[in-house]
Amino acid sequence: MAGTHIMSFDVASVRRQFPILSEIIDGRPIHYLDNGASAQTPLAVIDAVRTYETTGRANVLRGVHRLAERATESYEGAREEVARFLGVKPMEIVFTGGCTAAINLVAYSYGSLLKPGDRILLSELEHHSNIVPWQLLRQRSGVELDMIPVTLDGRIDLDTLPKLLTPRTKLISLAHISNVTGALLDVRSVVAAAEQVGAKVMLDGAQRAPHGPLDLPALGIDFYVFAGHKAYGPNGIGVLWAKPELLEAMPPFHGGGSMIGRVTLAETTWAPPPRRFEAGTPPIGPAIGLGAACKWMAGLDWTAAHAHEMALVQRLMDGLQTVDGTHLFGPAGLQDRYPVVSFTLDGVHPHDVAQTLDAFGVAVRAGHHCAQPLMERFDLDGTTRVSIAPYNDNSDIDALLTGVQHAARTLR
Amino acid sequence: MSDQLYQERIVTLAKSKTGAGKLATPTKSARRDNPLCGDRVTIDVRLDGQERIAEIAHQVRGCLLCQASAAALASVAVGRDKSGIAEIRHDAERALGREAGEAGEPFAAFAPVKDHKSRQECVLLPFEALQDALA
């Protein structure tokens, strides 16, 4: 039962692990509800990065000296942690510069295997980073893009799949969780439909990875990407997981050191994955930090943590309903959703809501959330988005509600 | 603090909606978007024989600061040409602390935005649209 888990989830002890949450700015505590943009980072991550920088800083995979060996061991150890977090093998994990970089890698590299007239299926609610790389591929190679529409409650409308899938559809790339509405994708249905036409499935896991370990093989998908900084890790690191046979078939994205087998002036052979896709010196410290973040997440009781997060969503939804002129944009209930909640307030622009909330110490994101086609579809100027992490508590939600009431009173 | 940002003068300007709407037969129109926040301003102008603004209207899909700025601009634009608009833009830039000197009215109202750099483009977007229309 959800109530049991709420009782057993010790949010105070989680909060103590995040130093920034005890900061006071202009005399107010921080109510950080912008986790969907960037989450905060726990001591375990800060310590791991500090340990690398102070006791093991060197380049990886090249040197024979002891610091280089330490660095390589830590870097590859991070790959193992990330793989464990996703339920896959370490050599299937490619470290990238971020989630966007990971999608661009797939769009460039896997995309180069596609032919003019092949089709890629996206949805109207995708983040720009899961639209624009495919538009660039379309320009380069003549693939066609199709878009799954979105239901009125902010879900990808999978009922339309049979009409949209064709034998030329090679890839379906969708958000695992919408960064605007919080809706969880029905992955099973997508994979089943994809199998009918032999299409691959990629999930943008940027908003899912921060909410606990995954079992990617059980999902039946082909590619998964996520960002380190949204998953309590450092900036400048992201992850691509792909089935090994796909990675093996894909040509390099970037050329340079580390990704080669043998270089002559006439030609170059490629290293096997994942090194084939990690040209140059990788973001070593950030990767080590992300490994620590995955280990930290794996140590949480996510049944309890998720119940706690969703109890906060309920408190938020109940509270917003008491403010005249607020409208939720996204699923109305708690079913098949994650703790990302968008709303609008009649007569007050989302940026003005967010700016007012800042005066109450509340950090949220407002605007189009890098999902302009979705805003266009629903004729919205933007929304105010509340995105919740396990370290949030009732005081965060209550401060937000006080701020929204103030904005409603003073700005319209 | 944001409470200080949304001072009464700015809120009043925004609520005045001076010039809000469309012109039936504009001589020129321009739309400007702020790609970072999604604010969008469309400005219509009717020009007289000397390329001066005879009539102006704006549609703002944006925040209160953008609405207030568009209203302020519409309240002083008539009778000005391109260089006249460039001249009053200095007032807005001064109010935002981007240029030295005292800001003239009505743009002095935007002085509280000086400390909110991420919001200054909201104030300047109507100028960008109008200057595009007059270009």
# chains A, B, ... in the order shown; residues from 1 in each chain; ligands from 1
call {"tool": "interface_residues", "arguments": {"of": "chain A", "to": "chain B", "cutoff": "7 Å", "atoms": "only C-alpha atoms", "output": "PyMOL selection string"}}
result
chain A and resi 349+351-352+355-356+358-359+367-368+381+411
call {"tool": "select_by_dssp", "arguments": {"residues": "segment 17-75 of chain A", "states": "alpha helix (DSSP H)", "output": "PyMOL selection string"}}
result
chain A and resi 43-55+66-75
call {"tool": "atom_distance", "arguments": {"atom1": "atom CA of Ile10 of chain B", "atom2": "atom CA of Lys117 of chain B"}}
result
16.5 Å
call {"tool": "residues_around", "arguments": {"residues": "Met259 of chain A", "least_positions_apart": "3", "cutoff": "10 Å", "atoms": "only C-alpha atoms", "output": "MDAnalysis selection string"}}
result
chainID A and resid 252:256 262 268:280
call {"tool": "residues_around", "arguments": {"residues": "Glu93 of chain B", "least_positions_apart": "2", "cutoff": "12 Å", "atoms": "only C-alpha atoms", "output": "count of residues only"}}
result
31
call {"tool": "residues_around", "arguments": {"residues": "Thr169 of chain A", "least_positions_apart": "3", "cutoff": "12 Å", "atoms": "only C-alpha atoms", "output": "PyMOL selection string"}}
result
chain A and resi 114-122+143-147+161-166+172-173+193-201
call {"tool": "residues_around", "arguments": {"residues": "Leu334 of chain A", "least_positions_apart": "3", "cutoff": "10 Å", "atoms": "only C-alpha atoms", "output": "list in words"}}
result
Gly182, Ala183, Met310, Ala311, Val313, Gln314, Met317, Pro331, Arg337, Tyr338 and Pro339 of chain A
call {"tool": "residues_around", "arguments": {"residues": "Ser112 of chain A", "least_positions_apart": "2", "cutoff": "12 Å", "atoms": "only C-alpha atoms", "output": "ChimeraX atom specification"}}
result
/A:104-110,114-116,118,134,136-138,140-143,249-253
call {"tool": "select_by_dssp", "arguments": {"residues": "segment 286-411 of chain A", "states": "strand (DSSP E or B)", "output": "short mmCIF file (atom, residue, chain, number, x, y, z; two decimals) with N, CA and C atoms, in the first residue's frame"}}
result
data_model
loop_
_atom_site.label_atom_id
_atom_site.label_comp_id
_atom_site.auth_asym_id
_atom_site.auth_seq_id
_atom_site.Cartn_x
_atom_site.Cartn_y
_atom_site.Cartn_z
N THR A 326 -6.53 27.55 -12.38
CA THR A 326 -5.41 26.67 -12.71
C THR A 326 -5.93 25.50 -13.53
N HIS A 327 -5.11 25.06 -14.48
CA HIS A 327 -5.46 23.91 -15.32
C HIS A 327 -4.26 23.00 -15.40
N LEU A 328 -4.47 21.73 -15.08
CA LEU A 328 -3.39 20.76 -15.23
C LEU A 328 -3.28 20.39 -16.69
N PHE A 329 -2.05 20.22 -17.16
CA PHE A 329 -1.84 19.77 -18.53
C PHE A 329 -1.11 18.43 -18.44
N ARG A 337 2.02 7.47 -14.66
CA ARG A 337 2.67 8.75 -14.81
C ARG A 337 3.82 8.84 -13.80
N VAL A 340 6.19 14.54 -12.84
CA VAL A 340 6.40 15.76 -13.62
C VAL A 340 5.00 16.31 -13.88
N VAL A 341 4.73 17.52 -13.40
CA VAL A 341 3.37 18.06 -13.49
C VAL A 341 3.41 19.46 -14.10
N SER A 342 2.68 19.62 -15.20
CA SER A 342 2.58 20.94 -15.84
C SER A 342 1.22 21.55 -15.57
N PHE A 343 1.21 22.86 -15.39
CA PHE A 343 -0.09 23.53 -15.23
C PHE A 343 -0.03 24.94 -15.81
N THR A 344 -1.20 25.48 -16.05
CA THR A 344 -1.31 26.88 -16.47
C THR A 344 -2.21 27.60 -15.48
N LEU A 345 -2.06 28.90 -15.43
CA LEU A 345 -2.88 29.74 -14.55
C LEU A 345 -3.48 30.83 -15.42
N VAL A 348 -2.17 34.62 -16.24
CA VAL A 348 -0.78 34.85 -15.79
C VAL A 348 0.14 33.97 -16.64
N VAL A 362 11.03 29.04 -4.44
CA VAL A 362 10.63 27.83 -5.17
C VAL A 362 11.19 27.86 -6.59
N ALA A 363 11.93 26.84 -6.94
CA ALA A 363 12.52 26.75 -8.29
C ALA A 363 11.68 25.80 -9.13
N ARG A 365 10.42 25.23 -13.58
CA ARG A 365 10.70 25.61 -14.96
C ARG A 365 9.40 26.10 -15.58
N ALA A 366 9.52 27.14 -16.40
CA ALA A 366 8.34 27.63 -17.12
C ALA A 366 8.70 27.88 -18.56
N GLY A 367 7.72 27.71 -19.43
CA GLY A 367 7.95 27.97 -20.84
C GLY A 367 7.55 26.79 -21.68
N THR A 383 3.89 26.28 -20.16
CA THR A 383 3.30 25.83 -18.90
C THR A 383 4.31 26.09 -17.79
N THR A 384 3.83 26.01 -16.57
CA THR A 384 4.73 25.98 -15.42
C THR A 384 4.88 24.51 -15.06
N ARG A 385 6.11 24.06 -14.92
CA ARG A 385 6.34 22.63 -14.69
C ARG A 385 6.99 22.39 -13.33
N VAL A 386 6.37 21.50 -12.59
CA VAL A 386 6.90 21.07 -11.29
C VAL A 386 7.45 19.67 -11.49
N SER A 387 8.71 19.47 -11.21
CA SER A 387 9.28 18.13 -11.37
C SER A 387 9.94 17.73 -10.05
#
call {"tool": "atom_distance", "arguments": {"atom1": "atom CA of Arg52 of chain B", "atom2": "atom CA of Thr27 of chain B"}}
result
10.9 Å
call {"tool": "closest_residue", "arguments": {"among": "A:Gly205, A:Pro90, A:Pro133, A:Gly361", "to": "Gly36 of chain A", "atoms": "only C-alpha atoms"}}
result
A:Gly205
call {"tool": "atom_distance", "arguments": {"atom1": "atom CA of Val45 of chain B", "atom2": "atom CA of Arg377 of chain A"}}
result
29.1 Å
